[in-house]
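run14.txt (compact mmCIF, N, CA and C atoms) appears below.
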# COMPACT_ATOMS: atom_id res chain seq x y z
N MET A 1 -91.02 -40.47 -10.91
CA MET A 1 -91.71 -40.07 -9.71
C MET A 1 -91.30 -38.65 -9.33
N ALA A 2 -90.00 -38.35 -9.48
CA ALA A 2 -89.54 -37.01 -9.15
C ALA A 2 -90.21 -35.98 -10.03
N SER A 3 -90.41 -36.32 -11.31
CA SER A 3 -91.05 -35.36 -12.20
C SER A 3 -92.50 -35.11 -11.80
N VAL A 4 -93.17 -36.14 -11.26
CA VAL A 4 -94.54 -35.96 -10.78
C VAL A 4 -94.54 -35.01 -9.60
N VAL A 5 -93.61 -35.22 -8.67
CA VAL A 5 -93.52 -34.34 -7.51
C VAL A 5 -93.20 -32.92 -7.97
N ALA A 6 -92.26 -32.79 -8.89
CA ALA A 6 -91.90 -31.46 -9.40
C ALA A 6 -93.10 -30.80 -10.05
N GLY A 7 -93.89 -31.57 -10.80
CA GLY A 7 -95.08 -31.02 -11.43
C GLY A 7 -96.11 -30.58 -10.43
N LEU A 8 -96.29 -31.34 -9.37
CA LEU A 8 -97.27 -30.99 -8.34
C LEU A 8 -96.84 -29.76 -7.56
N LEU A 9 -95.54 -29.60 -7.37
CA LEU A 9 -95.04 -28.49 -6.59
C LEU A 9 -94.79 -27.24 -7.43
N GLY A 10 -95.00 -27.33 -8.73
CA GLY A 10 -94.67 -26.25 -9.64
C GLY A 10 -95.30 -24.93 -9.29
N GLY A 11 -96.45 -24.93 -8.65
CA GLY A 11 -97.12 -23.68 -8.32
C GLY A 11 -96.70 -23.08 -7.00
N CYS A 12 -95.82 -23.71 -6.26
CA CYS A 12 -95.40 -23.19 -4.95
C CYS A 12 -94.55 -21.95 -5.12
N ALA A 13 -94.50 -21.15 -4.09
CA ALA A 13 -93.65 -19.96 -4.11
C ALA A 13 -92.22 -20.39 -4.33
N GLY A 14 -91.53 -19.65 -5.17
CA GLY A 14 -90.17 -20.03 -5.50
C GLY A 14 -90.18 -21.16 -6.49
N SER A 15 -89.05 -21.45 -7.01
CA SER A 15 -88.94 -22.48 -8.03
C SER A 15 -88.23 -23.68 -7.42
N GLU A 16 -88.94 -24.80 -7.34
CA GLU A 16 -88.33 -25.96 -6.71
C GLU A 16 -87.26 -26.54 -7.61
N PRO A 17 -86.31 -27.24 -7.03
CA PRO A 17 -85.22 -27.81 -7.81
C PRO A 17 -85.73 -28.77 -8.87
N ASP A 18 -85.12 -28.72 -10.05
CA ASP A 18 -85.39 -29.70 -11.08
C ASP A 18 -84.41 -30.84 -10.86
N VAL A 19 -84.93 -31.97 -10.42
CA VAL A 19 -84.07 -33.08 -10.03
C VAL A 19 -83.84 -34.09 -11.15
N THR A 20 -84.44 -33.87 -12.30
CA THR A 20 -84.41 -34.85 -13.38
C THR A 20 -82.99 -35.17 -13.84
N ALA A 21 -82.19 -34.17 -14.11
CA ALA A 21 -80.84 -34.41 -14.62
C ALA A 21 -79.99 -35.17 -13.61
N GLY A 22 -80.11 -34.82 -12.34
CA GLY A 22 -79.36 -35.52 -11.31
C GLY A 22 -79.76 -36.99 -11.20
N ASP A 23 -81.07 -37.25 -11.21
CA ASP A 23 -81.54 -38.64 -11.16
C ASP A 23 -81.03 -39.43 -12.36
N GLN A 24 -81.05 -38.81 -13.54
CA GLN A 24 -80.57 -39.50 -14.74
C GLN A 24 -79.08 -39.81 -14.62
N ALA A 25 -78.31 -38.88 -14.08
CA ALA A 25 -76.88 -39.11 -13.91
C ALA A 25 -76.62 -40.24 -12.91
N ILE A 26 -77.40 -40.30 -11.84
CA ILE A 26 -77.24 -41.36 -10.85
C ILE A 26 -77.55 -42.73 -11.46
N VAL A 27 -78.58 -42.81 -12.28
CA VAL A 27 -78.96 -44.09 -12.91
C VAL A 27 -77.85 -44.60 -13.84
N GLU A 28 -77.03 -43.69 -14.36
CA GLU A 28 -75.94 -44.09 -15.25
C GLU A 28 -74.79 -44.77 -14.50
N LEU A 29 -74.74 -44.66 -13.17
CA LEU A 29 -73.66 -45.26 -12.39
C LEU A 29 -73.74 -46.78 -12.43
N ASP A 30 -72.58 -47.41 -12.36
CA ASP A 30 -72.52 -48.87 -12.27
C ASP A 30 -73.30 -49.32 -11.03
N HIS A 31 -73.99 -50.42 -11.14
CA HIS A 31 -74.73 -51.08 -10.05
C HIS A 31 -76.04 -50.40 -9.67
N VAL A 32 -76.38 -49.28 -10.29
CA VAL A 32 -77.62 -48.58 -9.96
C VAL A 32 -78.73 -49.01 -10.91
N ILE A 33 -79.88 -49.35 -10.33
CA ILE A 33 -81.05 -49.78 -11.11
C ILE A 33 -82.02 -48.62 -11.29
N GLU A 34 -82.22 -47.84 -10.23
CA GLU A 34 -83.18 -46.74 -10.29
C GLU A 34 -82.78 -45.68 -9.27
N ALA A 35 -83.10 -44.43 -9.60
CA ALA A 35 -82.89 -43.32 -8.67
C ALA A 35 -84.10 -42.41 -8.74
N SER A 36 -84.55 -41.98 -7.59
CA SER A 36 -85.72 -41.12 -7.52
C SER A 36 -85.52 -40.10 -6.41
N THR A 37 -85.62 -38.83 -6.78
CA THR A 37 -85.45 -37.76 -5.81
C THR A 37 -86.78 -37.04 -5.61
N ASP A 38 -87.18 -36.95 -4.37
CA ASP A 38 -88.39 -36.21 -4.01
C ASP A 38 -87.98 -34.87 -3.42
N VAL A 39 -88.78 -33.88 -3.70
CA VAL A 39 -88.54 -32.53 -3.19
C VAL A 39 -89.61 -32.23 -2.16
N THR A 40 -89.20 -31.84 -0.96
CA THR A 40 -90.16 -31.43 0.06
C THR A 40 -89.82 -30.00 0.46
N GLN A 41 -90.76 -29.36 1.08
CA GLN A 41 -90.58 -27.97 1.46
C GLN A 41 -90.93 -27.80 2.94
N PRO A 42 -90.02 -28.20 3.83
CA PRO A 42 -90.31 -28.06 5.27
C PRO A 42 -90.10 -26.62 5.73
N GLY A 43 -91.16 -25.94 6.01
CA GLY A 43 -91.03 -24.58 6.52
C GLY A 43 -91.21 -23.53 5.45
N ALA A 44 -90.38 -22.53 5.48
CA ALA A 44 -90.51 -21.35 4.63
C ALA A 44 -90.35 -21.70 3.14
N PRO A 45 -90.94 -20.87 2.27
CA PRO A 45 -90.76 -21.07 0.83
C PRO A 45 -89.28 -21.13 0.47
N ARG A 46 -88.99 -21.98 -0.45
CA ARG A 46 -87.63 -22.20 -0.96
C ARG A 46 -86.72 -22.85 0.08
N ASN A 47 -87.27 -23.43 1.11
CA ASN A 47 -86.49 -24.18 2.07
C ASN A 47 -86.54 -25.65 1.66
N TRP A 48 -86.05 -25.94 0.47
CA TRP A 48 -86.18 -27.27 -0.12
C TRP A 48 -85.31 -28.29 0.59
N HIS A 49 -85.85 -29.48 0.78
CA HIS A 49 -85.09 -30.63 1.26
C HIS A 49 -85.24 -31.71 0.18
N LEU A 50 -84.15 -32.28 -0.23
CA LEU A 50 -84.19 -33.34 -1.24
C LEU A 50 -83.97 -34.69 -0.57
N PHE A 51 -84.75 -35.66 -0.99
CA PHE A 51 -84.64 -37.03 -0.50
C PHE A 51 -84.43 -37.92 -1.71
N THR A 52 -83.28 -38.55 -1.80
CA THR A 52 -82.96 -39.41 -2.94
C THR A 52 -82.91 -40.86 -2.51
N GLN A 53 -83.71 -41.67 -3.18
CA GLN A 53 -83.65 -43.12 -2.97
C GLN A 53 -82.95 -43.73 -4.17
N VAL A 54 -81.95 -44.55 -3.90
CA VAL A 54 -81.18 -45.21 -4.95
C VAL A 54 -81.34 -46.71 -4.77
N ILE A 55 -81.86 -47.36 -5.81
CA ILE A 55 -82.00 -48.81 -5.79
C ILE A 55 -80.79 -49.38 -6.52
N VAL A 56 -80.06 -50.23 -5.81
CA VAL A 56 -78.83 -50.81 -6.35
C VAL A 56 -79.00 -52.32 -6.51
N GLU A 57 -78.06 -52.92 -7.22
CA GLU A 57 -78.06 -54.38 -7.35
C GLU A 57 -77.94 -55.00 -5.97
N ASP A 58 -78.55 -56.15 -5.80
CA ASP A 58 -78.45 -56.86 -4.53
C ASP A 58 -77.02 -57.34 -4.29
N ASP A 59 -76.70 -57.50 -3.02
CA ASP A 59 -75.46 -58.12 -2.56
C ASP A 59 -74.18 -57.40 -3.01
N LEU A 60 -74.23 -56.08 -3.06
CA LEU A 60 -73.00 -55.33 -3.36
C LEU A 60 -72.07 -55.41 -2.16
N ALA A 61 -70.79 -55.56 -2.44
CA ALA A 61 -69.78 -55.50 -1.38
C ALA A 61 -69.76 -54.07 -0.83
N PRO A 62 -69.36 -53.90 0.42
CA PRO A 62 -69.31 -52.55 0.99
C PRO A 62 -68.50 -51.57 0.14
N GLU A 63 -67.41 -52.04 -0.47
CA GLU A 63 -66.59 -51.17 -1.31
C GLU A 63 -67.38 -50.68 -2.52
N GLU A 64 -68.14 -51.57 -3.15
CA GLU A 64 -68.94 -51.19 -4.32
C GLU A 64 -70.05 -50.23 -3.93
N LEU A 65 -70.71 -50.50 -2.83
CA LEU A 65 -71.78 -49.63 -2.36
C LEU A 65 -71.21 -48.26 -1.98
N ALA A 66 -70.05 -48.23 -1.36
CA ALA A 66 -69.41 -46.96 -1.01
C ALA A 66 -69.10 -46.14 -2.26
N GLN A 67 -68.66 -46.80 -3.33
CA GLN A 67 -68.37 -46.10 -4.58
C GLN A 67 -69.65 -45.51 -5.18
N VAL A 68 -70.73 -46.28 -5.15
CA VAL A 68 -72.02 -45.79 -5.66
C VAL A 68 -72.50 -44.61 -4.82
N ALA A 69 -72.43 -44.74 -3.50
CA ALA A 69 -72.89 -43.67 -2.62
C ALA A 69 -72.04 -42.42 -2.80
N ASP A 70 -70.74 -42.59 -2.88
CA ASP A 70 -69.84 -41.46 -3.08
C ASP A 70 -70.14 -40.74 -4.40
N ALA A 71 -70.31 -41.50 -5.47
CA ALA A 71 -70.61 -40.90 -6.77
C ALA A 71 -71.97 -40.21 -6.75
N THR A 72 -72.93 -40.79 -6.05
CA THR A 72 -74.26 -40.18 -5.92
C THR A 72 -74.17 -38.83 -5.21
N ILE A 73 -73.43 -38.78 -4.13
CA ILE A 73 -73.27 -37.53 -3.37
C ILE A 73 -72.54 -36.49 -4.22
N THR A 74 -71.55 -36.92 -4.98
CA THR A 74 -70.81 -36.01 -5.85
C THR A 74 -71.73 -35.44 -6.93
N ILE A 75 -72.61 -36.27 -7.47
CA ILE A 75 -73.58 -35.79 -8.46
C ILE A 75 -74.50 -34.75 -7.81
N ALA A 76 -74.94 -35.03 -6.59
CA ALA A 76 -75.79 -34.06 -5.88
C ALA A 76 -75.07 -32.74 -5.68
N GLN A 77 -73.79 -32.79 -5.34
CA GLN A 77 -73.02 -31.55 -5.19
C GLN A 77 -72.97 -30.77 -6.50
N ASP A 78 -72.82 -31.48 -7.61
CA ASP A 78 -72.72 -30.83 -8.93
C ASP A 78 -74.07 -30.34 -9.43
N GLU A 79 -75.11 -31.12 -9.22
CA GLU A 79 -76.42 -30.83 -9.81
C GLU A 79 -77.28 -29.90 -8.97
N TRP A 80 -77.16 -29.99 -7.64
CA TRP A 80 -78.09 -29.28 -6.77
C TRP A 80 -77.39 -28.43 -5.71
N PRO A 81 -76.26 -27.82 -5.98
CA PRO A 81 -75.52 -27.17 -4.89
C PRO A 81 -76.25 -26.00 -4.24
N GLU A 82 -76.99 -25.23 -5.01
CA GLU A 82 -77.66 -24.05 -4.46
C GLU A 82 -79.11 -24.32 -4.11
N GLN A 83 -79.56 -25.56 -4.29
CA GLN A 83 -80.98 -25.86 -4.23
C GLN A 83 -81.39 -26.67 -3.02
N VAL A 84 -80.51 -26.83 -2.05
CA VAL A 84 -80.85 -27.68 -0.90
C VAL A 84 -80.66 -26.95 0.43
N PRO A 85 -81.27 -25.78 0.60
CA PRO A 85 -81.10 -25.09 1.88
C PRO A 85 -81.63 -25.90 3.06
N GLY A 86 -82.60 -26.79 2.81
CA GLY A 86 -83.14 -27.62 3.87
C GLY A 86 -82.36 -28.91 4.06
N GLY A 87 -81.31 -29.13 3.27
CA GLY A 87 -80.50 -30.32 3.39
C GLY A 87 -80.89 -31.40 2.40
N MET A 88 -80.27 -32.56 2.56
CA MET A 88 -80.47 -33.66 1.63
C MET A 88 -80.28 -34.98 2.36
N SER A 89 -81.10 -35.97 1.97
CA SER A 89 -81.00 -37.32 2.53
C SER A 89 -80.84 -38.31 1.40
N PHE A 90 -80.07 -39.36 1.65
CA PHE A 90 -79.87 -40.42 0.68
C PHE A 90 -80.21 -41.76 1.32
N TYR A 91 -80.98 -42.55 0.61
CA TYR A 91 -81.36 -43.87 1.09
C TYR A 91 -80.99 -44.87 0.00
N PHE A 92 -80.19 -45.87 0.35
CA PHE A 92 -79.75 -46.89 -0.60
C PHE A 92 -80.39 -48.21 -0.22
N VAL A 93 -80.99 -48.87 -1.20
CA VAL A 93 -81.66 -50.13 -0.95
C VAL A 93 -81.36 -51.07 -2.12
N GLY A 94 -81.27 -52.36 -1.82
CA GLY A 94 -81.07 -53.35 -2.88
C GLY A 94 -82.36 -53.60 -3.62
N GLU A 95 -82.24 -54.20 -4.78
CA GLU A 95 -83.42 -54.47 -5.61
C GLU A 95 -84.42 -55.37 -4.90
N GLN A 96 -83.94 -56.39 -4.21
CA GLN A 96 -84.81 -57.31 -3.49
C GLN A 96 -84.54 -57.32 -1.98
N ARG A 97 -83.36 -56.87 -1.59
CA ARG A 97 -82.97 -56.89 -0.17
C ARG A 97 -82.38 -55.54 0.19
N GLY A 98 -82.24 -55.31 1.45
CA GLY A 98 -81.63 -54.07 1.90
C GLY A 98 -80.17 -53.98 1.50
N ALA A 99 -79.65 -52.80 1.44
CA ALA A 99 -78.23 -52.57 1.17
C ALA A 99 -77.58 -52.11 2.48
N ASP A 100 -76.43 -52.67 2.80
CA ASP A 100 -75.78 -52.37 4.07
C ASP A 100 -74.94 -51.10 3.97
N ILE A 101 -75.62 -49.97 3.94
CA ILE A 101 -74.92 -48.69 3.79
C ILE A 101 -74.04 -48.40 5.00
N GLN A 102 -74.43 -48.89 6.16
CA GLN A 102 -73.62 -48.63 7.36
C GLN A 102 -72.22 -49.23 7.22
N ALA A 103 -72.11 -50.39 6.54
CA ALA A 103 -70.80 -51.00 6.32
C ALA A 103 -69.99 -50.22 5.29
N ALA A 104 -70.67 -49.47 4.43
CA ALA A 104 -69.99 -48.70 3.38
C ALA A 104 -69.50 -47.35 3.86
N VAL A 105 -70.14 -46.78 4.87
CA VAL A 105 -69.82 -45.42 5.33
C VAL A 105 -68.33 -45.23 5.67
N PRO A 106 -67.68 -46.17 6.37
CA PRO A 106 -66.26 -45.94 6.68
C PRO A 106 -65.37 -45.87 5.43
N LEU A 107 -65.87 -46.35 4.30
CA LEU A 107 -65.09 -46.36 3.06
C LEU A 107 -65.37 -45.15 2.17
N MET A 108 -66.27 -44.32 2.62
CA MET A 108 -66.68 -43.16 1.84
C MET A 108 -65.86 -41.92 2.21
N GLY A 109 -66.20 -40.82 1.55
CA GLY A 109 -65.57 -39.54 1.84
C GLY A 109 -65.99 -39.02 3.20
N THR A 110 -65.53 -37.83 3.51
CA THR A 110 -65.77 -37.25 4.82
C THR A 110 -66.31 -35.82 4.70
N VAL A 111 -66.83 -35.33 5.81
CA VAL A 111 -67.26 -33.94 5.95
C VAL A 111 -66.38 -33.34 7.04
N ASP A 112 -65.52 -32.43 6.66
CA ASP A 112 -64.59 -31.82 7.61
C ASP A 112 -63.82 -32.88 8.40
N GLY A 113 -63.38 -33.92 7.70
CA GLY A 113 -62.59 -34.96 8.31
C GLY A 113 -63.37 -36.00 9.10
N GLU A 114 -64.68 -35.85 9.18
CA GLU A 114 -65.53 -36.79 9.92
C GLU A 114 -66.34 -37.65 8.96
N PRO A 115 -66.69 -38.87 9.35
CA PRO A 115 -67.54 -39.71 8.49
C PRO A 115 -68.89 -39.03 8.23
N VAL A 116 -69.53 -39.41 7.14
CA VAL A 116 -70.85 -38.85 6.85
C VAL A 116 -71.81 -39.23 7.97
N ARG A 117 -72.82 -38.40 8.15
CA ARG A 117 -73.77 -38.58 9.25
C ARG A 117 -74.89 -39.52 8.81
N MET A 118 -75.24 -40.44 9.71
CA MET A 118 -76.32 -41.39 9.45
C MET A 118 -77.50 -41.06 10.35
N SER A 119 -78.70 -41.29 9.81
CA SER A 119 -79.93 -41.23 10.59
C SER A 119 -80.68 -42.49 10.22
N GLY A 120 -80.61 -43.48 11.08
CA GLY A 120 -81.16 -44.80 10.72
C GLY A 120 -80.34 -45.37 9.58
N ASN A 121 -81.00 -45.67 8.46
CA ASN A 121 -80.30 -46.20 7.29
C ASN A 121 -80.15 -45.16 6.19
N GLU A 122 -80.26 -43.90 6.55
CA GLU A 122 -80.10 -42.82 5.58
C GLU A 122 -78.82 -42.05 5.86
N ILE A 123 -78.20 -41.58 4.79
CA ILE A 123 -77.10 -40.63 4.92
C ILE A 123 -77.75 -39.25 4.82
N VAL A 124 -77.46 -38.39 5.78
CA VAL A 124 -78.11 -37.08 5.81
C VAL A 124 -77.05 -35.97 5.83
N PHE A 125 -77.41 -34.88 5.17
CA PHE A 125 -76.54 -33.72 5.09
C PHE A 125 -77.35 -32.45 5.30
N THR A 126 -76.77 -31.48 5.99
CA THR A 126 -77.26 -30.13 5.89
C THR A 126 -76.69 -29.59 4.58
N SER A 127 -77.14 -28.42 4.16
CA SER A 127 -76.58 -27.86 2.93
C SER A 127 -75.08 -27.60 3.08
N GLU A 128 -74.66 -27.17 4.26
CA GLU A 128 -73.24 -26.91 4.51
C GLU A 128 -72.43 -28.20 4.47
N GLU A 129 -72.98 -29.27 5.04
CA GLU A 129 -72.27 -30.56 5.02
C GLU A 129 -72.15 -31.10 3.61
N LEU A 130 -73.22 -30.96 2.82
CA LEU A 130 -73.16 -31.43 1.43
C LEU A 130 -72.06 -30.69 0.67
N ALA A 131 -71.97 -29.39 0.86
CA ALA A 131 -70.93 -28.60 0.19
C ALA A 131 -69.53 -29.00 0.67
N ALA A 132 -69.41 -29.41 1.94
CA ALA A 132 -68.11 -29.75 2.52
C ALA A 132 -67.70 -31.19 2.29
N TYR A 133 -68.59 -32.03 1.74
CA TYR A 133 -68.26 -33.45 1.53
C TYR A 133 -67.05 -33.56 0.61
N GLU A 134 -66.07 -34.35 1.03
CA GLU A 134 -64.85 -34.57 0.26
C GLU A 134 -64.82 -36.03 -0.20
N SER A 135 -64.93 -36.20 -1.49
CA SER A 135 -64.92 -37.54 -2.08
C SER A 135 -63.51 -38.10 -2.12
N PRO A 136 -63.35 -39.38 -1.79
CA PRO A 136 -62.02 -39.98 -1.93
C PRO A 136 -61.60 -40.04 -3.40
N ALA A 137 -62.55 -40.14 -4.31
CA ALA A 137 -62.21 -40.16 -5.74
C ALA A 137 -61.63 -38.82 -6.18
N ALA A 138 -62.15 -37.72 -5.65
CA ALA A 138 -61.67 -36.39 -6.00
C ALA A 138 -60.28 -36.12 -5.44
N SER A 139 -59.98 -36.77 -4.31
CA SER A 139 -58.67 -36.55 -3.68
C SER A 139 -57.62 -37.48 -4.23
N GLY A 140 -58.00 -38.32 -5.21
CA GLY A 140 -57.03 -39.21 -5.84
C GLY A 140 -56.85 -40.53 -5.14
N ALA A 141 -57.66 -40.83 -4.13
CA ALA A 141 -57.58 -42.13 -3.45
C ALA A 141 -57.96 -43.22 -4.43
N SER A 142 -57.27 -44.32 -4.37
CA SER A 142 -57.58 -45.42 -5.29
C SER A 142 -58.72 -46.25 -4.74
N SER A 143 -59.47 -46.85 -5.65
CA SER A 143 -60.61 -47.65 -5.20
C SER A 143 -60.31 -49.11 -5.24
Let me see whether you can do it: turn the structure in this file into structure tokens.
Amino acid sequence: MASVVAGLLGGCAGSEPDVTAGDQAIVELDHVIEASTDVTQPGAPRNWHLFTQVIVEDDLAPEELAQVADATITIAQDEWPEQVPGGMSFYFVGEQRGADIQAAVPLMGTVDGEPVRMSGNEIVFTSEELAAYESPAASGASS
């Protein structure tokens, strides 16, 4: 789906982010069934906002979901660091049921010492917040 969006947006001013490699890396994570990143352009050219939906196995414990979410955010930092001036949103859902991301947030990394920001059931970042996200895995915290 992301490649379709990328193909449709290919003629826009500026070059939209190629999200394929990041989506493929996310799908390789344990417990992930599917990942799809859409690129939107709210406002000025090259003001890209990425929205990633991650479908995970049903009934993941908060600790498992936190690990998936943390790894997903880390992949976004590696794959799209310069390409999200409009920010980034992550939505995690189970294959058949919702995923309780709110229960996982306290177990995840932080942005400047604060928990990640939620908007409804989405984790949202400005470009600065995404760059500042500190993964517990990167800091050597055990899982």
Exercise. For Pro62 (chain A), please output as a ChimeraX atom specification all residues within 6.5 Å (counting only N, CA and C atoms; exclusion window: fewer than 5 positions along the same chain).
Key: /A:67,103-104
Practice problem: Using all atoms listed in the file, find the one residue out of A:Val111, A:Val56, A:Ile26, A:Leu65 that sits nearest to Gly94 (chain A). | Solution: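 Under the stated criterion, the closest residue is A:Val56.
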Exercise. Using only C-alpha atoms, determine which residues lie at most 8 Å from region 119-130 of chain A, disregarding the query and same-chain residues fewer than 5 positions distant; provide the list as a VMD selection string.
Key: chain A and resid 73 77 81 84 to 92 101 to 102 111
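From atom C of Ala138 (chain A) back to CA of Thr37 (chain A), the distance works out to 25.2 Å.
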Practice problem: May I ask for the distance between CA of Thr52 (chain A) and CA of Ile33 (chain A), given in Å to one decimal place? | Solution: 13.3 Å
Quiz item: Separation of CA of Ala61 (chain A) and CA of Asp112 (chain A), in Å?
Solution: 25.9 Å
Practice problem: Just list the residues in region 10-140 of chain A DSSP gives alpha helix (DSSP H) on the backbone, as a PyMOL selection string. | Solution: chain A and resi 20-27+62-79+101-104+127-132
